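**Student:** If it helps, the file is called upload_35.cif and holds mmCIF, C-alpha atoms and all ligand atoms:
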```cif
data_protein
loop_
_atom_site.label_atom_id
_atom_site.label_comp_id
_atom_site.auth_asym_id
_atom_site.auth_seq_id
_atom_site.Cartn_x
_atom_site.Cartn_y
_atom_site.Cartn_z
CA MET A 1 0.00 0.00 0.00
CA THR A 2 1.30 3.39 -0.89
CA LEU A 3 0.43 6.36 1.27
CA ASP A 4 1.27 8.80 -1.47
CA LYS A 5 -1.61 10.66 -3.00
CA ILE A 6 -2.73 9.86 -6.52
CA LYS A 7 -1.58 12.79 -8.65
CA THR A 8 -4.02 13.81 -11.36
CA LEU A 9 -3.91 16.07 -14.37
CA ILE A 10 -7.29 17.26 -15.58
CA VAL A 11 -7.57 18.12 -19.24
CA ASN A 12 -10.77 19.73 -20.41
CA ASP A 13 -11.89 22.86 -22.23
CA ASP A 14 -15.39 22.39 -20.92
CA MET A 15 -15.23 24.53 -17.79
CA GLU A 16 -18.29 22.99 -16.19
CA ILE A 17 -16.76 19.52 -16.26
CA GLN A 18 -13.33 20.80 -15.34
CA SER A 19 -14.44 22.60 -12.20
CA ASP A 20 -16.74 19.77 -11.22
CA ILE A 21 -13.85 17.30 -11.32
CA VAL A 22 -11.61 19.64 -9.36
CA ASP A 23 -14.32 20.01 -6.71
CA ILE A 24 -14.82 16.26 -6.45
CA PHE A 25 -11.10 15.58 -6.01
CA ALA A 26 -10.81 18.39 -3.46
CA ASN A 27 -12.98 16.28 -1.18
CA VAL A 28 -10.92 13.12 -1.51
CA GLU A 29 -7.96 12.81 0.79
CA TYR A 30 -5.90 10.48 -1.36
CA ILE A 31 -6.30 12.27 -4.68
CA THR A 32 -4.60 15.54 -5.54
CA VAL A 33 -4.84 17.71 -8.64
CA VAL A 34 -1.35 18.64 -9.78
CA GLY A 35 -2.34 20.37 -13.00
CA GLU A 36 -5.07 21.55 -15.29
CA ALA A 37 -4.96 21.95 -19.05
CA GLU A 38 -7.46 22.82 -21.76
CA THR A 39 -5.88 21.31 -24.87
CA ALA A 40 -3.94 18.23 -25.90
CA GLU A 41 -0.93 20.40 -26.57
CA GLU A 42 -0.97 21.92 -23.10
CA ALA A 43 -1.32 18.47 -21.57
CA LEU A 44 1.73 17.15 -23.44
CA GLU A 45 3.74 20.20 -22.39
CA PHE A 46 2.78 19.56 -18.81
CA LEU A 47 3.89 15.93 -19.06
CA GLU A 48 7.35 16.95 -20.18
CA ASN A 49 8.02 18.43 -16.77
CA GLU A 50 5.67 16.68 -14.39
CA ASN A 51 4.74 13.12 -13.72
CA PRO A 52 1.07 12.77 -12.73
CA ASP A 53 -0.35 9.29 -12.08
CA VAL A 54 -3.72 9.68 -13.76
CA LEU A 55 -4.96 11.92 -16.57
CA VAL A 56 -8.67 12.68 -16.72
CA VAL A 57 -9.18 13.80 -20.31
CA GLY A 58 -12.20 15.23 -22.11
CA ALA A 59 -12.90 13.33 -25.32
CA ASN A 60 -13.58 16.50 -27.32
CA ILE A 61 -10.76 18.80 -26.23
CA PRO A 62 -8.87 20.76 -28.91
CA GLY A 63 -6.37 18.36 -30.39
CA GLY A 64 -8.67 15.43 -29.60
CA GLY A 65 -8.89 13.37 -26.40
CA HIS A 66 -8.35 10.06 -28.15
CA LYS A 67 -5.36 11.35 -30.05
CA LEU A 68 -3.90 12.68 -26.83
CA THR A 69 -4.48 9.31 -25.16
CA GLU A 70 -2.69 7.53 -27.97
CA ASN A 71 0.27 9.91 -27.81
CA VAL A 72 0.49 9.62 -24.06
CA MET A 73 0.35 5.83 -24.14
CA GLN A 74 3.12 5.77 -26.69
CA GLU A 75 5.45 8.11 -24.87
CA TYR A 76 4.53 7.31 -21.29
CA PRO A 77 3.15 3.76 -21.28
CA ASP A 78 2.83 3.73 -17.48
CA GLN A 79 0.36 6.63 -17.48
CA VAL A 80 -3.28 6.01 -16.73
CA VAL A 81 -5.75 7.89 -18.91
CA ILE A 82 -9.46 8.10 -18.17
CA LEU A 83 -11.64 9.67 -20.84
CA VAL A 84 -14.71 11.74 -20.13
CA GLU A 85 -17.56 11.93 -22.65
CA ARG A 86 -20.73 13.94 -22.76
CA GLU A 87 -22.58 11.12 -24.44
CA LEU A 88 -22.12 7.36 -24.47
CA LYS A 89 -21.87 5.95 -27.97
CA GLU A 90 -20.66 2.48 -28.64
CA GLU A 91 -18.00 3.43 -31.15
CA THR A 92 -16.56 6.13 -28.89
CA VAL A 93 -16.06 3.63 -26.09
CA ARG A 94 -14.39 1.27 -28.50
CA LYS A 95 -12.20 4.11 -29.75
CA ALA A 96 -11.24 4.98 -26.19
CA ILE A 97 -10.23 1.44 -25.39
CA PHE A 98 -8.18 1.10 -28.57
CA ALA A 99 -6.47 4.43 -27.87
CA GLY A 100 -5.36 2.89 -24.59
CA ALA A 101 -7.66 4.58 -22.09
CA LYS A 102 -8.24 2.60 -18.91
CA ASP A 103 -11.81 3.75 -18.44
CA VAL A 104 -14.49 5.94 -19.98
CA LEU A 105 -16.90 8.01 -17.93
CA VAL A 106 -20.04 9.69 -19.13
CA TYR A 107 -20.66 13.16 -17.75
CA PRO A 108 -22.52 13.94 -15.54
CA PHE A 109 -21.23 11.30 -13.17
CA THR A 110 -21.42 10.86 -9.42
CA PRO A 111 -18.33 11.69 -7.36
CA ALA A 112 -18.15 8.05 -6.31
CA LYS A 113 -18.00 6.89 -9.91
CA LEU A 114 -15.17 9.24 -10.80
CA VAL A 115 -13.17 8.51 -7.67
CA ASP A 116 -13.66 4.79 -8.10
CA ALA A 117 -12.49 4.93 -11.72
CA VAL A 118 -9.36 6.85 -10.76
CA TYR A 119 -8.56 4.64 -7.81
CA ARG A 120 -9.19 1.35 -9.57
CA SER A 121 -7.30 2.25 -12.74
CA PHE A 122 -4.40 3.52 -10.68
CA GLN A 123 -4.29 0.34 -8.58
CA LEU A 124 -4.34 -1.86 -11.67
CA GLU A 125 -1.46 0.08 -13.17
CA GLN A 126 0.55 -0.19 -9.94
CA LYS A 127 -0.09 -3.89 -9.89
CA LYS A 128 1.09 -4.26 -13.46
CA GLN A 129 4.30 -2.44 -12.62
CA ASP A 130 4.86 -4.57 -9.52
CA ILE A 131 4.52 -7.69 -11.60
CA GLN A 132 6.94 -6.48 -14.20
CA ARG A 133 9.47 -5.72 -11.50
CA SER A 134 9.20 -9.15 -9.91
CA LYS A 135 9.35 -11.14 -13.12
CA PRO A 136 12.56 -13.20 -13.03
CA GLN A 137 11.70 -15.22 -9.90
CA ARG A 138 8.67 -16.92 -11.36
CA LYS A 139 8.58 -20.69 -11.60
CA ARG A 140 7.98 -22.00 -15.08
CA ARG A 141 5.90 -25.01 -15.81
CA LYS A 142 7.85 -28.06 -16.85
CA THR A 143 7.41 -28.44 -20.58
CA GLY A 144 4.97 -28.56 -23.45
CA LYS A 145 1.63 -26.99 -24.10
CA GLY A 146 -1.32 -27.53 -21.82
CA GLN A 147 -4.33 -29.57 -22.85
CA VAL A 148 -7.46 -27.55 -23.57
CA VAL A 149 -10.81 -29.12 -22.64
CA THR A 150 -13.77 -27.08 -23.84
CA VAL A 151 -17.11 -27.87 -22.21
CA PHE A 152 -19.98 -26.95 -24.50
CA SER A 153 -23.63 -27.49 -25.28
CA THR A 154 -26.14 -25.56 -27.35
CA LYS A 155 -28.72 -26.08 -24.65
CA GLY A 156 -28.67 -24.04 -21.44
CA GLY A 157 -28.84 -25.59 -18.02
CA VAL A 158 -27.46 -29.01 -18.98
CA GLY A 159 -24.61 -28.75 -16.49
CA ARG A 160 -21.71 -27.20 -18.40
CA THR A 161 -20.62 -25.18 -15.40
CA PHE A 162 -21.11 -28.13 -13.08
CA VAL A 163 -19.06 -30.40 -15.35
CA SER A 164 -16.27 -27.94 -16.06
CA ALA A 165 -15.79 -26.91 -12.42
CA ASN A 166 -15.70 -30.49 -11.15
CA LEU A 167 -13.51 -31.68 -13.99
CA ALA A 168 -11.03 -28.88 -13.30
CA VAL A 169 -10.85 -29.73 -9.60
CA ALA A 170 -10.60 -33.48 -10.24
CA LEU A 171 -7.84 -32.91 -12.81
CA ALA A 172 -5.81 -30.94 -10.26
CA GLU A 173 -6.36 -33.62 -7.65
CA GLN A 174 -5.49 -36.57 -9.85
CA THR A 175 -2.63 -35.17 -11.90
CA LYS A 176 -1.16 -32.67 -9.39
CA GLY A 177 -0.74 -30.50 -12.47
CA LYS A 178 -1.56 -26.83 -12.93
CA VAL A 179 -5.20 -26.34 -13.87
CA VAL A 180 -7.10 -23.21 -14.85
CA LEU A 181 -10.86 -22.92 -15.30
CA VAL A 182 -11.84 -20.21 -17.79
CA ASP A 183 -15.40 -18.89 -17.75
CA LEU A 184 -16.18 -17.92 -21.33
CA ASP A 185 -19.92 -17.74 -20.73
CA LEU A 186 -19.26 -14.04 -21.12
CA ASP A 187 -22.78 -12.77 -20.46
CA PHE A 188 -24.04 -15.11 -17.78
CA GLY A 189 -20.95 -16.87 -16.49
CA ASN A 190 -21.31 -18.25 -12.99
CA ALA A 191 -18.27 -20.45 -12.60
CA ALA A 192 -17.12 -18.14 -9.78
CA LEU A 193 -20.36 -18.89 -7.98
CA ALA A 194 -19.87 -22.63 -8.38
CA LEU A 195 -16.52 -22.23 -6.63
CA ASN A 196 -17.77 -19.68 -4.11
CA ILE A 197 -15.31 -17.12 -5.40
CA VAL A 198 -15.95 -13.38 -5.39
CA PRO A 199 -14.04 -12.21 -8.46
CA ARG A 200 -11.50 -9.50 -7.81
CA TYR A 201 -10.55 -9.39 -11.46
CA THR A 202 -12.46 -10.63 -14.47
CA ILE A 203 -11.73 -11.30 -18.08
CA SER A 204 -12.43 -7.62 -18.90
CA ASP A 205 -9.44 -6.53 -16.83
CA ILE A 206 -7.25 -8.80 -18.93
CA ILE A 207 -8.63 -7.32 -22.14
CA ASP A 208 -7.32 -3.95 -20.93
CA GLU A 209 -3.85 -5.48 -20.81
CA ILE A 210 -4.11 -7.59 -23.94
CA ARG A 211 -1.25 -5.81 -25.66
CA ASN A 212 1.21 -6.63 -22.85
CA LEU A 213 -0.21 -10.00 -21.97
CA ASP A 214 2.23 -12.71 -20.95
CA GLN A 215 2.22 -15.60 -18.50
CA ASP A 216 3.14 -13.52 -15.45
CA MET A 217 0.59 -10.91 -16.24
CA ILE A 218 -2.23 -13.34 -16.81
CA GLU A 219 -1.42 -15.39 -13.71
CA SER A 220 -1.67 -12.29 -11.57
CA TYR A 221 -5.28 -11.87 -12.69
CA LEU A 222 -6.34 -15.43 -11.97
CA ILE A 223 -8.09 -16.22 -8.73
CA PRO A 224 -6.85 -19.18 -6.71
CA HIS A 225 -9.33 -21.70 -5.37
CA ARG A 226 -8.61 -23.80 -2.30
CA SER A 227 -8.56 -26.92 -4.46
CA GLY A 228 -5.41 -25.60 -6.10
CA ILE A 229 -7.00 -24.64 -9.41
CA LYS A 230 -7.08 -21.07 -10.71
CA LEU A 231 -10.14 -19.33 -12.09
CA LEU A 232 -10.51 -16.71 -14.78
CA PRO A 233 -14.02 -15.38 -14.11
CA ALA A 234 -16.45 -13.89 -16.61
CA ASN A 235 -17.44 -10.26 -16.22
CA ALA A 236 -19.42 -8.98 -13.35
CA GLN A 237 -21.15 -6.61 -15.79
CA PRO A 238 -22.42 -8.45 -18.88
CA GLN A 239 -22.39 -5.26 -20.99
CA MET A 240 -18.58 -5.43 -20.99
CA ALA A 241 -18.77 -8.65 -23.00
CA GLU A 242 -19.31 -6.72 -26.20
CA PHE A 243 -15.72 -5.46 -26.04
CA ILE A 244 -14.33 -8.97 -26.05
CA SER A 245 -13.39 -10.28 -29.48
CA SER A 246 -12.25 -13.62 -30.77
CA ASP A 247 -8.75 -12.16 -31.17
CA HIS A 248 -8.67 -11.44 -27.45
CA ILE A 249 -9.86 -14.91 -26.55
CA GLU A 250 -7.33 -16.49 -28.86
CA ILE A 251 -4.48 -14.63 -27.18
CA ILE A 252 -5.75 -15.43 -23.70
CA LEU A 253 -6.05 -19.15 -24.44
CA LYS A 254 -2.59 -19.29 -26.01
CA VAL A 255 -0.98 -17.66 -23.01
CA LEU A 256 -2.88 -19.93 -20.61
CA GLN A 257 -1.87 -22.99 -22.58
CA ASN A 258 1.74 -22.06 -22.09
CA ALA A 259 1.32 -21.58 -18.37
CA PHE A 260 -0.96 -24.48 -17.42
CA ASP A 261 -1.12 -28.24 -17.86
CA TYR A 262 -4.91 -28.15 -18.28
CA VAL A 263 -7.14 -25.34 -19.46
CA VAL A 264 -10.80 -26.16 -18.85
CA VAL A 265 -13.24 -23.82 -20.58
CA ASP A 266 -16.86 -23.27 -19.51
CA MET A 267 -18.74 -22.11 -22.60
CA PRO A 268 -21.94 -20.19 -23.34
CA GLY A 269 -25.04 -22.17 -24.29
CA ARG A 270 -24.88 -21.28 -27.97
CA PHE A 271 -22.45 -20.74 -30.82
CA TYR A 272 -21.06 -17.26 -30.32
CA GLU A 273 -18.35 -15.80 -32.52
CA PRO A 274 -16.05 -14.24 -29.88
CA VAL A 275 -15.52 -17.63 -28.20
CA ASP A 276 -14.75 -19.50 -31.45
CA PRO A 277 -11.07 -19.82 -30.52
CA ALA A 278 -12.09 -22.11 -27.66
CA PHE A 279 -13.26 -24.60 -30.30
CA GLN A 280 -10.11 -24.20 -32.35
CA ALA A 281 -7.78 -24.48 -29.37
CA ALA A 282 -9.63 -27.45 -27.86
CA ASP A 283 -7.81 -30.74 -27.70
CA MET A 284 -11.11 -32.13 -26.55
CA LEU A 285 -14.62 -30.78 -26.91
CA LEU A 286 -16.94 -32.16 -24.26
CA MET A 287 -20.49 -31.89 -25.60
CA VAL A 288 -22.84 -32.04 -22.67
CA THR A 289 -26.36 -33.35 -23.07
CA THR A 290 -29.07 -34.50 -20.72
CA PRO A 291 -31.51 -37.30 -21.51
CA GLU A 292 -34.46 -35.19 -22.64
CA VAL A 293 -35.78 -35.33 -26.19
CA ALA A 294 -35.50 -31.59 -26.79
CA THR A 295 -31.95 -31.46 -25.48
CA VAL A 296 -30.74 -34.50 -27.38
CA ARG A 297 -32.21 -33.05 -30.59
CA ASN A 298 -30.65 -29.68 -29.95
CA VAL A 299 -27.21 -31.12 -29.25
CA LYS A 300 -27.49 -33.39 -32.26
CA ALA A 301 -28.10 -30.29 -34.41
CA ALA A 302 -24.96 -28.74 -32.91
CA LEU A 303 -22.97 -31.86 -33.81
CA ILE A 304 -24.22 -31.61 -37.38
CA ALA A 305 -23.26 -27.94 -37.51
CA LEU A 306 -19.76 -28.75 -36.26
CA ASP A 307 -19.48 -31.50 -38.83
CA GLU A 308 -20.43 -29.08 -41.59
CA LEU A 309 -17.68 -26.79 -40.38
CA ASN A 310 -15.32 -29.75 -40.71
CA TYR A 311 -14.68 -29.77 -37.01
CA PRO A 312 -12.65 -32.92 -36.27
CA LYS A 313 -14.99 -35.60 -34.99
CA SER A 314 -12.16 -37.18 -33.01
CA LYS A 315 -12.09 -34.17 -30.69
CA ILE A 316 -15.77 -34.39 -29.83
CA LYS A 317 -16.72 -36.38 -26.74
CA VAL A 318 -20.36 -36.60 -25.76
CA VAL A 319 -21.09 -36.51 -22.04
CA LEU A 320 -24.51 -37.55 -20.78
CA ASN A 321 -25.27 -35.63 -17.61
CA ARG A 322 -28.13 -36.00 -15.15
CA SER A 323 -28.68 -39.58 -16.22
CA ASP A 324 -31.11 -41.74 -14.27
CA ARG A 325 -31.99 -45.42 -14.62
CA ARG A 326 -35.65 -44.47 -14.85
CA ASP A 327 -35.12 -42.17 -17.85
CA GLU A 328 -37.20 -42.95 -20.88
CA ILE A 329 -34.28 -42.12 -23.10
CA LYS A 330 -31.50 -44.60 -22.44
CA PRO A 331 -27.80 -43.97 -22.97
CA LYS A 332 -27.93 -46.32 -25.94
CA ASP A 333 -30.62 -44.12 -27.56
CA VAL A 334 -28.46 -41.06 -27.10
CA GLU A 335 -25.56 -42.81 -28.78
CA THR A 336 -27.71 -43.88 -31.72
CA THR A 337 -29.25 -40.46 -32.22
CA MET A 338 -25.96 -38.61 -31.95
CA ASN A 339 -23.96 -41.13 -33.86
CA HIS A 340 -21.29 -40.87 -31.17
CA ASN A 341 -20.33 -43.23 -28.38
CA LEU A 342 -20.85 -41.74 -24.96
CA PHE A 343 -17.54 -40.69 -23.46
CA SER A 344 -18.97 -40.46 -19.98
CA ILE A 345 -22.23 -40.83 -18.08
CA LEU A 346 -22.77 -38.66 -15.02
CA PRO A 347 -25.68 -39.69 -12.82
CA ALA A 348 -28.45 -37.37 -11.70
CA ASP A 349 -28.18 -36.59 -8.03
CA TYR A 350 -30.79 -34.13 -6.91
CA LYS A 351 -29.48 -33.98 -3.38
CA THR A 352 -25.74 -33.61 -3.73
CA VAL A 353 -25.48 -31.53 -6.90
CA PRO A 354 -27.77 -28.61 -6.02
CA SER A 355 -26.37 -28.47 -2.51
CA SER A 356 -22.84 -28.42 -3.90
CA LEU A 357 -23.70 -25.61 -6.32
CA ASN A 358 -25.50 -23.67 -3.59
CA GLN A 359 -22.57 -23.91 -1.23
CA GLY A 360 -20.09 -23.24 -4.00
CA ILE A 361 -18.18 -26.42 -3.19
CA PRO A 362 -17.56 -28.80 -6.11
CA VAL A 363 -19.05 -32.27 -5.46
CA VAL A 364 -15.67 -33.90 -5.87
CA LEU A 365 -14.59 -31.97 -2.78
CA LEU A 366 -17.88 -32.09 -0.92
CA HIS A 367 -18.63 -35.81 -1.26
CA ASN A 368 -15.57 -37.41 -2.73
CA MET A 369 -16.92 -40.95 -2.50
CA SER A 370 -20.42 -40.31 -3.85
CA LYS A 371 -21.46 -41.96 -7.09
CA ILE A 372 -21.34 -38.66 -8.96
CA SER A 373 -17.82 -37.92 -7.72
CA ARG A 374 -16.65 -41.36 -8.76
CA SER A 375 -18.07 -40.71 -12.21
CA PHE A 376 -16.01 -37.52 -12.35
CA HIS A 377 -12.89 -39.43 -11.42
CA ASP A 378 -13.56 -41.82 -14.31
CA LEU A 379 -14.20 -38.93 -16.69
CA THR A 380 -11.03 -37.22 -15.53
CA GLN A 381 -8.98 -40.33 -16.07
CA LYS A 382 -10.28 -40.53 -19.63
CA VAL A 383 -9.47 -36.88 -20.25
CA VAL A 384 -5.94 -37.41 -18.99
CA GLY A 385 -5.51 -40.59 -20.98
CA ASP A 386 -6.97 -39.28 -24.20
CA ASP A 387 -4.74 -37.31 -26.49
CA SER A 388 -6.55 -38.09 -29.70
CA GLY A 389 -6.99 -34.39 -30.39
CA LYS A 390 -3.34 -33.55 -29.86
CA SER A 391 -1.39 -32.81 -32.98
CA ALA A 392 2.10 -33.15 -31.53
N1 LIG B 401 -25.86 -34.53 -12.42
C1 LIG B 401 -26.78 -33.66 -11.98
N2 LIG B 401 -27.75 -34.04 -11.11
C2 LIG B 401 -28.67 -33.18 -10.67
N3 LIG B 401 -28.72 -31.89 -11.02
C3 LIG B 401 -27.80 -31.42 -11.86
C4 LIG B 401 -26.78 -32.28 -12.38
N4 LIG B 401 -26.00 -31.52 -13.21
C5 LIG B 401 -26.51 -30.29 -13.18
N5 LIG B 401 -27.59 -30.21 -12.39
C6 LIG B 401 -28.42 -29.04 -12.12
O1 LIG B 401 -28.68 -28.37 -13.33
C7 LIG B 401 -28.63 -26.98 -13.18
C8 LIG B 401 -27.78 -26.38 -14.27
O2 LIG B 401 -26.41 -26.72 -14.07
P1 LIG B 401 -25.26 -25.79 -14.60
O3 LIG B 401 -25.43 -24.40 -14.10
O4 LIG B 401 -23.98 -26.46 -14.35
O5 LIG B 401 -25.60 -25.84 -16.15
P2 LIG B 401 -25.13 -24.91 -17.33
O6 LIG B 401 -25.22 -25.72 -18.57
O7 LIG B 401 -23.82 -24.32 -17.02
O8 LIG B 401 -26.26 -23.83 -17.28
P3 LIG B 401 -26.30 -22.34 -17.85
O9 LIG B 401 -26.99 -22.44 -19.17
O10 LIG B 401 -27.09 -21.61 -16.82
O11 LIG B 401 -24.88 -21.87 -17.96
C9 LIG B 401 -28.11 -26.70 -11.81
O12 LIG B 401 -29.12 -26.16 -11.03
C10 LIG B 401 -27.69 -28.03 -11.26
O13 LIG B 401 -28.05 -28.16 -9.93
MG MG B 402 -23.12 -22.29 -16.98
#
```
How would this structure read if it were set down as structure tokens?

**Tutor:**
Amino acid sequence: MTLDKIKTLIVNDDMEIQSDIVDIFANVEYITVVGEAETAEEALEFLENENPDVLVVGANIPGGGHKLTENVMQEYPDQVVILVERELKEETVRKAIFAGAKDVLVYPFTPAKLVDAVYRSFQLEQKKQDIQRSKPQRKRRKTGKGQVVTVFSTKGGVGRTFVSANLAVALAEQTKGKVVLVDLDLDFGNAALALNIVPRYTISDIIDEIRNLDQDMIESYLIPHRSGIKLLPANAQPQMAEFISSDHIEIILKVLQNAFDYVVVDMPGRFYEPVDPAFQAADMLLMVTTPEVATVRNVKAALIALDELNYPKSKIKVVLNRSDRRDEIKPKDVETTMNHNLFSILPADYKTVPSSLNQGIPVVLLHNMSKISRSFHDLTQKVVGDDSGKSA
């Protein structure tokens, strides 16, 4: 913790906004205003002599707020820039993020919102610098690229999150390897909930750093679980998902593959372009279905779609979840309909599973000897043993 105040430079030619920001900061003990400027040019002049921590820049100042942000990021990459807009438009937010701004605020804003943006952006930047300083000591993983297991279904509520969380934990337990669970259900992801984790950082924070992303950086954003696995949570605010592109996901998965033995991915319940790289990167695609007619049909359609895209059939493993002896649709029927052998059958357990999800404790930890946990150990063994999808 630093006791130094956060030094800010406020750049705006709109005097209403300018004085409002100055007033807000005047009431915050740990923020100080070290300079004010009206144009991009004045701001750059100021930076030649002074070293503020955070710039709060109007988007429409003379010389352009985005242009200024870009210049600042190029010359002073450790600077934090927050842009202020009069109006929220999608393309302006995108522009701000590409220029390298850490946050965008729409005026009028509450004091809390402004202060929070300054504080949070500043802390993230400090953290990044700390990591860069402490780089050489890090332990590297032994060798090779990690195995990616993508858990998917085109039907919601079939147990993707349940399967991916328990598989991740069981993999860590059985292999003693490094395991990360990635929540790519960008809009509705609840893997953190399944592990009873309150996310400090989410995938959006990594997107901010995508240009500098490496193993150390990404590991510092992951959240450790007591089972030994790490979690990369989905966003707390779903509206941030629209800034995540398939290029971002591709980079994130590549970096994780280099740092972990197993990368388990919890997917959204539909095909969704930004998460396409999770199909490409997968060594194994676990297709989860449950034994209901509608679900089996739906998943079958997804298998056909994948086939039409020439997705390698050898990578696809069908998992039947919530299976019960009394089901009308038998495992054999699922196999026939899908034209795939079942890779694994996970029994329905309406006592253990909901209670495990409610408590945020994976069943393999909660009731290690239960039938459902034993099924996970079998599934895990198969995942470890199977390298049919591996090219090398
Ligand atoms: N084997 C099982 N036995 C009993 N209930 C189960 C089983 N697997 C999953 N469930 C229940 O199904 C519900 C959905 O599970 P889960 O959230 O893992 O599915 P999902 O496919 O990730 O759903 P979503 O579409 O919401 O992301 C949960 O309430 C869970 O309790
Ligand atoms: Mg889910």

**Student:** Listing only residues of segment 332-355 of chain A within 10 Å of segment 157-180 of chain A, what is the closest atom pair and its distance in Å (to one decimal) for each, using only C-alpha atoms, sorted by chain and residue number ascending, as a tab-separated table?

**Tutor:**
```
residue	atom	partner	partner_atom	distance
A:Leu346	CA	A:Val163	CA	9.1
A:Val353	CA	A:Phe162	CA	8.3
A:Pro354	CA	A:Phe162	CA	9.7
```

**Student:** Near segment 381-387 of chain A, within 9 Å and counting all atoms listed in the file, which residues show up once chain neighbours fewer than 3 positions away are dropped, as a list in words?

**Tutor:**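 Using all atoms listed in the file, the neighbours found are Gln147, Val149, Leu171, Gln174, Thr175, Asp283, Met284, Phe343, Ser344, Phe376, His377, Asp378, Lys390 and Ser391 of chain A.
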
**Student:** How close does chain A get to ligand MG 402 (chain B)? List, as a Markdown table, each residue of chain A within 12 Å, its nearest atom pair and the distance in Å to one decimal, counting only C-alpha atoms and all ligand atoms.

**Tutor:**
```
| residue | atom | partner | partner_atom | distance |
| --- | --- | --- | --- | --- |
| A:Val151 | CA | B:MG402 | MG | 9.7 |
| A:Phe152 | CA | B:MG402 | MG | 9.4 |
| A:Ser153 | CA | B:MG402 | MG | 9.8 |
| A:Thr154 | CA | B:MG402 | MG | 11.3 |
| A:Lys155 | CA | B:MG402 | MG | 10.2 |
| A:Gly156 | CA | B:MG402 | MG | 7.3 |
| A:Gly157 | CA | B:MG402 | MG | 6.7 |
| A:Val158 | CA | B:MG402 | MG | 8.2 |
| A:Gly159 | CA | B:MG402 | MG | 6.6 |
| A:Arg160 | CA | B:MG402 | MG | 5.3 |
| A:Thr161 | CA | B:MG402 | MG | 4.1 |
| A:Phe162 | CA | B:MG402 | MG | 7.3 |
| A:Val163 | CA | B:MG402 | MG | 9.2 |
| A:Ser164 | CA | B:MG402 | MG | 8.9 |
| A:Ala165 | CA | B:MG402 | MG | 9.8 |
| A:Val182 | CA | B:MG402 | MG | 11.5 |
| A:Asp183 | CA | B:MG402 | MG | 8.5 |
| A:Leu184 | CA | B:MG402 | MG | 9.3 |
| A:Asp185 | CA | B:MG402 | MG | 6.7 |
| A:Leu186 | CA | B:MG402 | MG | 10.0 |
| A:Asp187 | CA | B:MG402 | MG | 10.1 |
| A:Phe188 | CA | B:MG402 | MG | 7.3 |
| A:Gly189 | CA | B:MG402 | MG | 5.9 |
| A:Asn190 | CA | B:MG402 | MG | 6.0 |
| A:Ala191 | CA | B:MG402 | MG | 6.8 |
| A:Ala192 | CA | B:MG402 | MG | 10.2 |
| A:Leu193 | CA | B:MG402 | MG | 10.0 |
| A:Ala194 | CA | B:MG402 | MG | 9.2 |
| A:Pro233 | CA | B:MG402 | MG | 11.8 |
| A:Ala234 | CA | B:MG402 | MG | 10.7 |
| A:Val265 | CA | B:MG402 | MG | 10.6 |
| A:Asp266 | CA | B:MG402 | MG | 6.8 |
| A:Met267 | CA | B:MG402 | MG | 7.1 |
| A:Pro268 | CA | B:MG402 | MG | 6.8 |
| A:Gly269 | CA | B:MG402 | MG | 7.6 |
| A:Arg270 | CA | B:MG402 | MG | 11.2 |
| A:Val288 | CA | B:MG402 | MG | 11.3 |
| A:Leu357 | CA | B:MG402 | MG | 11.2 |
```

**Student:** One number please: atom C3 of ligand LIG 401 (chain B) to atom CA of Thr352 of chain A, in Å, one decimal.

**Tutor:**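 One can read the atom C3 of ligand LIG 401 (chain B) to atom CA of Thr352 of chain A distance as 8.7 Å.
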
**Student:** Of the residues A:Glu85, A:Glu36, A:Asp208, A:Asp14, which is the one nearest to Phe98 of chain A, using all atoms listed in the file?

**Tutor:**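 Comparing A:Glu85, A:Glu36, A:Asp208, A:Asp14 against Phe98 of chain A, the winner is A:Asp208.
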
**Student:** What is the distance between atom CA of Pro277 of chain A and atom CA of Ile249 of chain A, in Å to one decimal?

**Tutor:**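 Calculated distance between atom CA of Pro277 of chain A and atom CA of Ile249 of chain A is 6.4 Å.
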
**Student:** Expressed in Å to a single decimal, how great is the separation between atom CA of Ile203 of chain A and atom CA of Leu379 of chain A?

**Tutor:**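 Pair atom CA of Ile203 of chain A / atom CA of Leu379 of chain A returns 27.8 Å.
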
**Student:** Near Asp324 of chain A, counting all atoms listed in the file, which residues have an atom at most 12 Å away, once you skip same-chain residues fewer than 6 positions from it, shown as a list of chain:residue names?

**Tutor:**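 The residues satisfying every condition are A:Thr290, A:Pro291, A:Glu292, A:Lys330, A:Pro331, A:Ile345, A:Leu346, A:Pro347, A:Ala348, A:Asp349, A:Tyr350, A:Ile372.
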
**Student:** Can you tell me, as an MDAnalysis selection string, what residues are no more than 10 Å from segment 252-260 of chain A when counting only C-alpha atoms, ignoring any on the same chain fewer than 4 positions away?

**Tutor:** chainID A and resid 139:148 177:180 182 203 206:207 210 213:219 230 246:248 265 277:278 281:282

**Student:** Given the choices A:Ile61, A:Leu309, A:Met287, A:Leu124, which gets closest to Tyr221 of chain A if the distance is worked out from all atoms listed in the file?

**Tutor:**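 Closest residue, counting all atoms listed in the file: A:Leu124.
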
**Student:** Taking the structure in the block just given, could you write segment 167-176 of chain A with C-alpha atoms, as a compact mmCIF listing (two decimals), in the first residue's frame?

**Tutor:**
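After the write, result_5.txt holds the following:
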```txt
# COMPACT_ATOMS: atom_id res chain seq x y z
CA LEU A 167 -13.51 -31.68 -13.99
CA ALA A 168 -11.03 -28.88 -13.30
CA VAL A 169 -10.85 -29.73 -9.60
CA ALA A 170 -10.60 -33.48 -10.24
CA LEU A 171 -7.84 -32.91 -12.81
CA ALA A 172 -5.81 -30.94 -10.26
CA GLU A 173 -6.36 -33.62 -7.65
CA GLN A 174 -5.49 -36.57 -9.85
CA THR A 175 -2.63 -35.17 -11.90
CA LYS A 176 -1.16 -32.67 -9.39
```
